[in-house]
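Listing of data.pdb, PDB, C-alpha atoms, pLDDT in the B column
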```pdb
ATOM      1  CA  MET A   1    -115.972 -22.702  61.070  1.00 62.00           C
ATOM      2  CA  PRO A   2    -119.395 -21.042  61.631  1.00 71.00           C
ATOM      3  CA  THR A   3    -119.911 -17.567  60.145  1.00 82.00           C
ATOM      4  CA  PRO A   4    -119.036 -14.984  62.815  1.00 87.00           C
ATOM      5  CA  ASP A   5    -121.731 -12.579  63.995  1.00 96.00           C
ATOM      6  CA  PRO A   6    -121.677  -9.072  62.414  1.00 97.00           C
ATOM      7  CA  LEU A   7    -120.124  -7.342  65.452  1.00 98.00           C
ATOM      8  CA  SER A   8    -117.301  -9.928  65.648  1.00 98.00           C
ATOM      9  CA  THR A   9    -116.646  -9.454  61.913  1.00 98.00           C
ATOM     10  CA  THR A  10    -116.470  -5.666  62.431  1.00 98.00           C
ATOM     11  CA  PHE A  11    -114.080  -5.959  65.398  1.00 98.00           C
ATOM     12  CA  ALA A  12    -111.845  -8.420  63.497  1.00 98.00           C
ATOM     13  CA  ALA A  13    -111.693  -6.036  60.511  1.00 98.00           C
ATOM     14  CA  LEU A  14    -110.721  -3.143  62.809  1.00 98.00           C
ATOM     15  CA  ALA A  15    -107.928  -5.145  64.490  1.00 98.00           C
ATOM     16  CA  ASP A  16    -105.332  -3.862  62.018  1.00 97.00           C
ATOM     17  CA  PRO A  17    -103.712  -0.395  61.835  1.00 96.00           C
ATOM     18  CA  THR A  18    -103.587  -0.361  58.008  1.00 95.00           C
ATOM     19  CA  ARG A  19    -107.302  -1.099  57.728  1.00 97.00           C
ATOM     20  CA  ARG A  20    -108.074   1.638  60.290  1.00 97.00           C
ATOM     21  CA  ALA A  21    -105.838   4.052  58.323  1.00 96.00           C
ATOM     22  CA  ILE A  22    -107.740   3.185  55.126  1.00 96.00           C
ATOM     23  CA  LEU A  23    -111.046   4.028  56.865  1.00 97.00           C
ATOM     24  CA  ALA A  24    -109.564   7.306  58.172  1.00 96.00           C
ATOM     25  CA  ARG A  25    -108.488   8.186  54.604  1.00 95.00           C
ATOM     26  CA  LEU A  26    -111.989   7.477  53.263  1.00 95.00           C
ATOM     27  CA  VAL A  27    -113.561  10.023  55.639  1.00 94.00           C
ATOM     28  CA  ALA A  28    -112.308  12.707  53.204  1.00 92.00           C
ATOM     29  CA  GLY A  29    -114.370  11.063  50.434  1.00 92.00           C
ATOM     30  CA  GLU A  30    -114.550   8.243  47.913  1.00 93.00           C
ATOM     31  CA  CYS A  31    -111.257   7.361  46.180  1.00 91.00           C
ATOM     32  CA  SER A  32    -109.657   4.817  43.878  1.00 90.00           C
ATOM     33  CA  VAL A  33    -107.768   1.739  45.076  1.00 89.00           C
ATOM     34  CA  THR A  34    -104.520   3.208  43.633  1.00 88.00           C
ATOM     35  CA  GLU A  35    -104.991   6.463  45.579  1.00 89.00           C
ATOM     36  CA  LEU A  36    -105.747   4.437  48.720  1.00 90.00           C
ATOM     37  CA  ALA A  37    -102.593   2.329  48.294  1.00 90.00           C
ATOM     38  CA  GLN A  38    -100.250   5.330  47.808  1.00 90.00           C
ATOM     39  CA  PRO A  39     -99.484   6.231  51.472  1.00 88.00           C
ATOM     40  CA  PHE A  40     -98.762   2.584  52.382  1.00 86.00           C
ATOM     41  CA  LYS A  41     -95.500   0.870  51.553  1.00 84.00           C
ATOM     42  CA  MET A  42     -97.432  -2.175  50.421  1.00 85.00           C
ATOM     43  CA  SER A  43     -98.002  -4.197  47.280  1.00 88.00           C
ATOM     44  CA  MET A  44    -101.335  -3.766  45.511  1.00 89.00           C
ATOM     45  CA  PRO A  45    -102.358  -7.376  46.322  1.00 91.00           C
ATOM     46  CA  ALA A  46    -101.711  -6.663  50.045  1.00 92.00           C
ATOM     47  CA  VAL A  47    -103.874  -3.526  49.899  1.00 92.00           C
ATOM     48  CA  SER A  48    -106.567  -5.420  47.973  1.00 93.00           C
ATOM     49  CA  LYS A  49    -106.610  -8.086  50.690  1.00 95.00           C
ATOM     50  CA  HIS A  50    -107.237  -5.429  53.361  1.00 96.00           C
ATOM     51  CA  LEU A  51    -110.002  -3.922  51.209  1.00 96.00           C
ATOM     52  CA  ARG A  52    -111.654  -7.333  50.877  1.00 96.00           C
ATOM     53  CA  VAL A  53    -111.683  -7.702  54.684  1.00 97.00           C
ATOM     54  CA  LEU A  54    -113.212  -4.209  55.057  1.00 98.00           C
ATOM     55  CA  GLU A  55    -115.780  -4.972  52.338  1.00 97.00           C
ATOM     56  CA  ARG A  56    -116.827  -8.272  53.944  1.00 96.00           C
ATOM     57  CA  ALA A  57    -117.310  -6.368  57.221  1.00 97.00           C
ATOM     58  CA  ARG A  58    -119.495  -3.853  55.290  1.00 97.00           C
ATOM     59  CA  LEU A  59    -117.159  -1.048  56.362  1.00 98.00           C
ATOM     60  CA  ILE A  60    -116.490  -0.055  52.754  1.00 97.00           C
ATOM     61  CA  VAL A  61    -118.434  -0.279  49.512  1.00 96.00           C
ATOM     62  CA  ARG A  62    -116.588  -0.774  46.221  1.00 92.00           C
ATOM     63  CA  ARG A  63    -117.907   0.133  42.794  1.00 90.00           C
ATOM     64  CA  ARG A  64    -116.505   0.046  39.281  1.00 86.00           C
ATOM     65  CA  ASP A  65    -116.297   3.476  37.579  1.00 79.00           C
ATOM     66  CA  ALA A  66    -114.988   3.026  33.978  1.00 78.00           C
ATOM     67  CA  GLN A  67    -111.549   1.429  34.473  1.00 79.00           C
ATOM     68  CA  TRP A  68    -111.328   2.465  38.163  1.00 80.00           C
ATOM     69  CA  ARG A  69    -112.448   0.662  41.259  1.00 85.00           C
ATOM     70  CA  ARG A  70    -113.622   3.287  43.703  1.00 92.00           C
ATOM     71  CA  CYS A  71    -114.201   2.806  47.459  1.00 94.00           C
ATOM     72  CA  ARG A  72    -116.287   4.662  49.969  1.00 95.00           C
ATOM     73  CA  ILE A  73    -116.697   4.185  53.706  1.00 96.00           C
ATOM     74  CA  ASP A  74    -119.933   2.893  55.255  1.00 95.00           C
ATOM     75  CA  ALA A  75    -120.026   4.038  58.887  1.00 94.00           C
ATOM     76  CA  GLY A  76    -123.064   1.894  59.839  1.00 94.00           C
ATOM     77  CA  PRO A  77    -121.018  -0.860  61.566  1.00 96.00           C
ATOM     78  CA  LEU A  78    -118.935   1.811  63.376  1.00 97.00           C
ATOM     79  CA  LYS A  79    -122.152   3.086  64.936  1.00 96.00           C
ATOM     80  CA  ASP A  80    -122.726  -0.432  66.317  1.00 97.00           C
ATOM     81  CA  VAL A  81    -119.174  -0.419  67.733  1.00 98.00           C
ATOM     82  CA  ALA A  82    -119.761   2.959  69.419  1.00 97.00           C
ATOM     83  CA  ASN A  83    -123.117   1.801  70.827  1.00 96.00           C
ATOM     84  CA  TRP A  84    -121.549  -1.397  72.151  1.00 97.00           C
ATOM     85  CA  ALA A  85    -118.645   0.448  73.861  1.00 97.00           C
ATOM     86  CA  GLU A  86    -120.993   3.091  75.329  1.00 95.00           C
ATOM     87  CA  ARG A  87    -122.550   0.427  77.578  1.00 95.00           C
ATOM     88  CA  TYR A  88    -119.283   0.432  79.548  1.00 96.00           C
ATOM     89  CA  ARG A  89    -118.980   4.232  79.849  1.00 94.00           C
ATOM     90  CA  HIS A  90    -120.136   4.250  83.506  1.00 93.00           C
ATOM     91  CA  LEU A  91    -117.197   1.957  84.350  1.00 93.00           C
ATOM     92  CA  TRP A  92    -114.423   4.124  82.929  1.00 90.00           C
ATOM     93  CA  GLU A  93    -116.097   7.283  84.224  1.00 90.00           C
ATOM     94  CA  ALA A  94    -116.240   5.741  87.718  1.00 84.00           C
ATOM     95  CA  ARG A  95    -112.524   4.939  87.406  1.00 75.00           C
ATOM     96  CA  PHE A  96    -111.693   8.562  86.579  1.00 71.00           C
ATOM     97  CA  ASP A  97    -113.959   9.778  89.396  1.00 76.00           C
ATOM     98  CA  ARG A  98    -111.992   7.583  91.830  1.00 79.00           C
ATOM     99  CA  LEU A  99    -108.696   8.970  90.443  1.00 77.00           C
ATOM    100  CA  ASP A 100    -110.008  12.555  90.808  1.00 78.00           C
ATOM    101  CA  LYS A 101    -111.028  11.861  94.410  1.00 80.00           C
ATOM    102  CA  TYR A 102    -107.602  10.363  95.172  1.00 81.00           C
ATOM    103  CA  LEU A 103    -105.785  13.381  93.684  1.00 83.00           C
ATOM    104  CA  GLU A 104    -108.030  15.722  95.686  1.00 85.00           C
ATOM    105  CA  GLU A 105    -107.173  13.824  98.882  1.00 86.00           C
ATOM    106  CA  LEU A 106    -103.457  14.037  98.038  1.00 85.00           C
ATOM    107  CA  GLN A 107    -103.726  17.821  97.516  1.00 86.00           C
ATOM    108  CA  THR A 108    -105.599  18.276 100.833  1.00 86.00           C
ATOM    109  CA  LYS A 109    -102.922  16.253 102.652  1.00 86.00           C
ATOM    110  CA  GLU A 110    -100.139  18.276 101.024  1.00 85.00           C
ATOM    111  CA  LYS A 111    -101.770  21.586 101.973  1.00 85.00           C
ATOM    112  CA  SER A 112    -102.248  20.548 105.613  1.00 84.00           C
ATOM    113  CA  HIS A 113     -98.621  19.311 105.687  1.00 82.00           C
ATOM    114  CA  ALA A 114     -97.369  22.671 104.319  1.00 84.00           C
ATOM    115  CA  ARG A 115     -99.490  24.548 106.919  1.00 83.00           C
ATOM    116  CA  LYS A 116     -97.986  22.478 109.748  1.00 83.00           C
ATOM    117  CA  LYS A 117     -94.472  23.159 108.423  1.00 81.00           C
ATOM    118  CA  ARG A 118     -95.098  26.935 108.341  1.00 81.00           C
ATOM    119  CA  ARG A 119     -96.280  26.814 111.970  1.00 81.00           C
ATOM    120  CA  GLN A 120     -93.073  25.091 113.124  1.00 75.00           C
TER
ATOM    121  CA  MET B   1     -94.837 -11.363  63.828  1.00 62.00           C
ATOM    122  CA  PRO B   2     -94.446  -7.848  65.320  1.00 71.00           C
ATOM    123  CA  THR B   3     -96.417  -7.111  68.519  1.00 82.00           C
ATOM    124  CA  PRO B   4     -99.730  -5.524  67.514  1.00 87.00           C
ATOM    125  CA  ASP B   5    -100.534  -1.996  68.698  1.00 96.00           C
ATOM    126  CA  PRO B   6    -102.817  -1.750  71.782  1.00 96.00           C
ATOM    127  CA  LEU B   7    -105.955  -0.765  69.835  1.00 97.00           C
ATOM    128  CA  SER B   8    -105.519  -3.713  67.416  1.00 98.00           C
ATOM    129  CA  THR B   9    -105.080  -6.060  70.402  1.00 98.00           C
ATOM    130  CA  THR B  10    -108.291  -4.680  71.956  1.00 98.00           C
ATOM    131  CA  PHE B  11    -110.293  -5.048  68.720  1.00 98.00           C
ATOM    132  CA  ALA B  12    -108.977  -8.612  68.200  1.00 98.00           C
ATOM    133  CA  ALA B  13    -109.993  -9.549  71.769  1.00 98.00           C
ATOM    134  CA  LEU B  14    -113.495  -8.140  71.192  1.00 98.00           C
ATOM    135  CA  ALA B  15    -113.961 -10.075  67.923  1.00 98.00           C
ATOM    136  CA  ASP B  16    -115.587 -12.992  69.742  1.00 97.00           C
ATOM    137  CA  PRO B  17    -119.124 -13.218  71.214  1.00 96.00           C
ATOM    138  CA  THR B  18    -118.014 -15.349  74.217  1.00 95.00           C
ATOM    139  CA  ARG B  19    -115.346 -12.829  75.206  1.00 97.00           C
ATOM    140  CA  ARG B  20    -117.864  -9.975  74.888  1.00 97.00           C
ATOM    141  CA  ALA B  21    -120.348 -11.975  77.011  1.00 96.00           C
ATOM    142  CA  ILE B  22    -117.628 -12.483  79.681  1.00 96.00           C
ATOM    143  CA  LEU B  23    -117.056  -8.703  79.785  1.00 97.00           C
ATOM    144  CA  ALA B  24    -120.820  -8.077  80.035  1.00 96.00           C
ATOM    145  CA  ARG B  25    -120.993 -10.535  82.972  1.00 95.00           C
ATOM    146  CA  LEU B  26    -118.113  -8.754  84.751  1.00 95.00           C
ATOM    147  CA  VAL B  27    -119.984  -5.419  84.737  1.00 94.00           C
ATOM    148  CA  ALA B  28    -121.996  -6.814  87.685  1.00 92.00           C
ATOM    149  CA  GLY B  29    -118.738  -7.215  89.631  1.00 92.00           C
ATOM    150  CA  GLU B  30    -115.659  -9.352  90.176  1.00 93.00           C
ATOM    151  CA  CYS B  31    -116.192 -13.123  90.025  1.00 91.00           C
ATOM    152  CA  SER B  32    -114.362 -16.432  89.984  1.00 90.00           C
ATOM    153  CA  VAL B  33    -113.354 -18.288  86.824  1.00 89.00           C
ATOM    154  CA  THR B  34    -115.800 -21.118  87.713  1.00 88.00           C
ATOM    155  CA  GLU B  35    -118.703 -18.645  88.053  1.00 89.00           C
ATOM    156  CA  LEU B  36    -117.698 -17.042  84.750  1.00 90.00           C
ATOM    157  CA  ALA B  37    -117.610 -20.418  82.974  1.00 90.00           C
ATOM    158  CA  GLN B  38    -121.090 -21.520  84.211  1.00 90.00           C
ATOM    159  CA  PRO B  39    -123.350 -19.868  81.563  1.00 88.00           C
ATOM    160  CA  PHE B  40    -121.162 -21.146  78.692  1.00 86.00           C
ATOM    161  CA  LYS B  41    -121.331 -24.710  77.409  1.00 84.00           C
ATOM    162  CA  MET B  42    -117.564 -24.804  77.283  1.00 85.00           C
ATOM    163  CA  SER B  43    -114.683 -26.707  78.853  1.00 88.00           C
ATOM    164  CA  MET B  44    -112.668 -24.884  81.512  1.00 89.00           C
ATOM    165  CA  PRO B  45    -109.551 -24.838  79.262  1.00 91.00           C
ATOM    166  CA  ALA B  46    -111.612 -23.133  76.522  1.00 92.00           C
ATOM    167  CA  VAL B  47    -112.850 -20.491  78.985  1.00 92.00           C
ATOM    168  CA  SER B  48    -109.309 -20.041  80.325  1.00 93.00           C
ATOM    169  CA  LYS B  49    -108.056 -19.424  76.798  1.00 95.00           C
ATOM    170  CA  HIS B  50    -110.632 -16.650  76.314  1.00 96.00           C
ATOM    171  CA  LEU B  51    -109.641 -15.138  79.677  1.00 96.00           C
ATOM    172  CA  ARG B  52    -105.973 -15.141  78.635  1.00 96.00           C
ATOM    173  CA  VAL B  53    -106.865 -13.206  75.462  1.00 97.00           C
ATOM    174  CA  LEU B  54    -108.882 -10.675  77.501  1.00 98.00           C
ATOM    175  CA  GLU B  55    -106.055 -10.380  80.037  1.00 97.00           C
ATOM    176  CA  ARG B  56    -103.409  -9.782  77.354  1.00 96.00           C
ATOM    177  CA  ALA B  57    -105.649  -7.024  75.943  1.00 97.00           C
ATOM    178  CA  ARG B  58    -105.840  -5.558  79.487  1.00 97.00           C
ATOM    179  CA  LEU B  59    -109.631  -5.859  79.391  1.00 98.00           C
ATOM    180  CA  ILE B  60    -109.640  -7.972  82.542  1.00 97.00           C
ATOM    181  CA  VAL B  61    -107.398  -8.262  85.590  1.00 96.00           C
ATOM    182  CA  ARG B  62    -106.975 -11.641  87.328  1.00 92.00           C
ATOM    183  CA  ARG B  63    -105.906 -12.139  90.911  1.00 90.00           C
ATOM    184  CA  ARG B  64    -105.497 -15.122  93.192  1.00 86.00           C
ATOM    185  CA  ASP B  65    -107.759 -15.069  96.289  1.00 79.00           C
ATOM    186  CA  ALA B  66    -107.002 -18.141  98.471  1.00 78.00           C
ATOM    187  CA  GLN B  67    -107.765 -21.109  96.163  1.00 79.00           C
ATOM    188  CA  TRP B  68    -109.840 -18.984  93.753  1.00 80.00           C
ATOM    189  CA  ARG B  69    -108.788 -17.032  90.699  1.00 85.00           C
ATOM    190  CA  ARG B  70    -110.951 -13.945  90.540  1.00 92.00           C
ATOM    191  CA  CYS B  71    -111.452 -11.665  87.519  1.00 94.00           C
ATOM    192  CA  ARG B  72    -112.548  -8.078  87.186  1.00 95.00           C
ATOM    193  CA  ILE B  73    -113.120  -5.914  84.131  1.00 96.00           C
ATOM    194  CA  ASP B  74    -110.847  -2.987  83.243  1.00 95.00           C
ATOM    195  CA  ALA B  75    -112.827  -0.601  81.033  1.00 94.00           C
ATOM    196  CA  GLY B  76    -109.810   1.562  80.079  1.00 94.00           C
ATOM    197  CA  PRO B  77    -109.306  -0.018  76.621  1.00 96.00           C
ATOM    198  CA  LEU B  78    -113.075   0.198  75.983  1.00 97.00           C
ATOM    199  CA  LYS B  79    -112.837   3.955  76.432  1.00 96.00           C
ATOM    200  CA  ASP B  80    -110.205   3.980  73.647  1.00 97.00           C
ATOM    201  CA  VAL B  81    -112.587   1.972  71.432  1.00 98.00           C
ATOM    202  CA  ALA B  82    -115.429   4.436  72.097  1.00 97.00           C
ATOM    203  CA  ASN B  83    -113.150   7.426  71.409  1.00 96.00           C
ATOM    204  CA  TRP B  84    -111.914   5.860  68.190  1.00 97.00           C
ATOM    205  CA  ALA B  85    -115.458   5.115  66.916  1.00 97.00           C
ATOM    206  CA  GLU B  86    -116.724   8.583  67.901  1.00 95.00           C
ATOM    207  CA  ARG B  87    -114.503  10.140  65.201  1.00 95.00           C
ATOM    208  CA  TYR B  88    -116.876   8.632  62.632  1.00 96.00           C
ATOM    209  CA  ARG B  89    -120.098   9.801  64.310  1.00 94.00           C
ATOM    210  CA  HIS B  90    -120.626  12.676  61.812  1.00 93.00           C
ATOM    211  CA  LEU B  91    -120.694  10.071  59.005  1.00 93.00           C
ATOM    212  CA  TRP B  92    -123.451   7.866  60.422  1.00 90.00           C
ATOM    213  CA  GLU B  93    -125.410  10.908  61.600  1.00 90.00           C
ATOM    214  CA  ALA B  94    -125.203  12.380  58.086  1.00 83.00           C
ATOM    215  CA  ARG B  95    -126.507   9.060  56.747  1.00 75.00           C
ATOM    216  CA  PHE B  96    -129.515   9.173  59.079  1.00 71.00           C
ATOM    217  CA  ASP B  97    -130.097  12.849  58.232  1.00 76.00           C
ATOM    218  CA  ARG B  98    -130.233  11.899  54.542  1.00 79.00           C
ATOM    219  CA  LEU B  99    -132.665   9.067  55.345  1.00 77.00           C
ATOM    220  CA  ASP B 100    -134.844  11.470  57.392  1.00 79.00           C
ATOM    221  CA  LYS B 101    -134.875  13.946  54.507  1.00 80.00           C
ATOM    222  CA  TYR B 102    -135.816  11.204  52.053  1.00 82.00           C
ATOM    223  CA  LEU B 103    -138.696   9.997  54.280  1.00 83.00           C
ATOM    224  CA  GLU B 104    -139.907  13.592  54.654  1.00 85.00           C
ATOM    225  CA  GLU B 105    -139.892  14.004  50.864  1.00 86.00           C
ATOM    226  CA  LEU B 106    -141.840  10.741  50.496  1.00 85.00           C
ATOM    227  CA  GLN B 107    -144.461  11.943  53.019  1.00 86.00           C
ATOM    228  CA  THR B 108    -144.817  15.310  51.256  1.00 86.00           C
ATOM    229  CA  LYS B 109    -145.283  13.537  47.913  1.00 86.00           C
ATOM    230  CA  GLU B 110    -147.867  11.181  49.408  1.00 85.00           C
ATOM    231  CA  LYS B 111    -149.837  14.055  50.955  1.00 85.00           C
ATOM    232  CA  SER B 112    -149.905  16.019  47.695  1.00 84.00           C
ATOM    233  CA  HIS B 113    -150.955  12.840  45.855  1.00 82.00           C
ATOM    234  CA  ALA B 114    -153.813  12.270  48.372  1.00 84.00           C
ATOM    235  CA  ARG B 115    -154.906  15.926  47.954  1.00 83.00           C
ATOM    236  CA  LYS B 116    -155.011  15.594  44.184  1.00 83.00           C
ATOM    237  CA  LYS B 117    -157.057  12.376  44.522  1.00 81.00           C
ATOM    238  CA  ARG B 118    -159.616  14.113  46.780  1.00 81.00           C
ATOM    239  CA  ARG B 119    -160.008  16.895  44.213  1.00 81.00           C
ATOM    240  CA  GLN B 120    -160.808  14.447  41.410  1.00 75.00           C
TER
END
```
Would you write the structure of this file as structure tokens?
Amino acid sequence: MPTPDPLSTTFAALADPTRRAILARLVAGECSVTELAQPFKMSMPAVSKHLRVLERARLIVRRRDAQWRRCRIDAGPLKDVANWAERYRHLWEARFDRLDKYLEELQTKEKSHARKKRRQ
Amino acid sequence: MPTPDPLSTTFAALADPTRRAILARLVAGECSVTELAQPFKMSMPAVSKHLRVLERARLIVRRRDAQWRRCRIDAGPLKDVANWAERYRHLWEARFDRLDKYLEELQTKEKSHARKKRRQ
């Protein structure tokens, strides 16, 4: 298997709710692997496996601090994700514009219908 | 295996450069599966497999038009990706602010060093 490109590696790492929850936890600051594992009903090896995936994707950095292994988030690859998705913004905005227009048309129709009813 | 959550399904679908290239192609407008397959040196079954993954993730919609199968992009899930990544914006902006500050400090040091040299 060829090595995936960085963006594919980032997306693959983010395709798991536990790994996204770990990143969300790390926004509050660096913490130990034990602290990170606490909210998850998961074995330490399972948590460590998720951390390895995040580390390979450069989404976290691990360092040894005395007997602790501490992790911190690296948001660099998330910036690339945001930049990539932004290229499609005009598409979803156009979709909401069309929905707005449709709702406006519905309201206009309803008002004219109510006016006709009052006249009868 | 439990069904993955929608955001995990989206990220998994995006974790492939061919699938991202298919989405980029569809920004220009709806097209047939044959047209979509052309730029890729890939068998039709391989392209079809990628399209199935994109369809399951609701990133594309396929419809039959006479003998053709036509595809269009649905940017809805990409909006969710952008919204998710945006939550981390303050982190990467802080990182660039720190880098800016560091470069400013370097420039100030260099200028004061050059001044001292001129005085000697």
Target residues per the ChimeraX specification (/A :<12) & /B, formatted as JSON, numbers by chain
{"B": [3, 4, 5, 6, 7, 8, 9, 10, 11, 12, 13, 14, 15, 16, 17, 18, 19, 20, 21, 23, 24, 25, 26, 27, 28, 29, 57, 59, 72, 73, 74, 75, 76, 77, 78, 79, 80, 81, 82, 83, 84, 85, 86, 87, 88, 89, 90, 91, 92, 93, 94, 95, 96]}
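When CA of Arg58 (chain B) is paired with CA of Leu103 (chain A), their separation reads 23.7 Å.
This file, filtered with the PyMOL selection byres ((chain A and resi 62) around 9), gives the residues A:Leu51, A:Glu55, A:Ile60, A:Val61, A:Arg63, A:Arg64, A:Arg69, A:Arg70, A:Cys71, A:Arg72, A:Ile73.
Selection check: the PyMOL selection byres ((chain B and resi 32) around 8) on the shown file gives Glu30, Cys31, Val33, Thr34, Glu35, Leu36, Trp68, Arg69, Arg70 and Cys71 of chain B.
The gap separating CA of Leu54 (chain A) from CA of Lys101 (chain B) is 28.3 Å, in Å to one decimal.
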Here CA of Arg56 (chain A) and CA of Tyr102 (chain B) stand apart by 27.3 Å
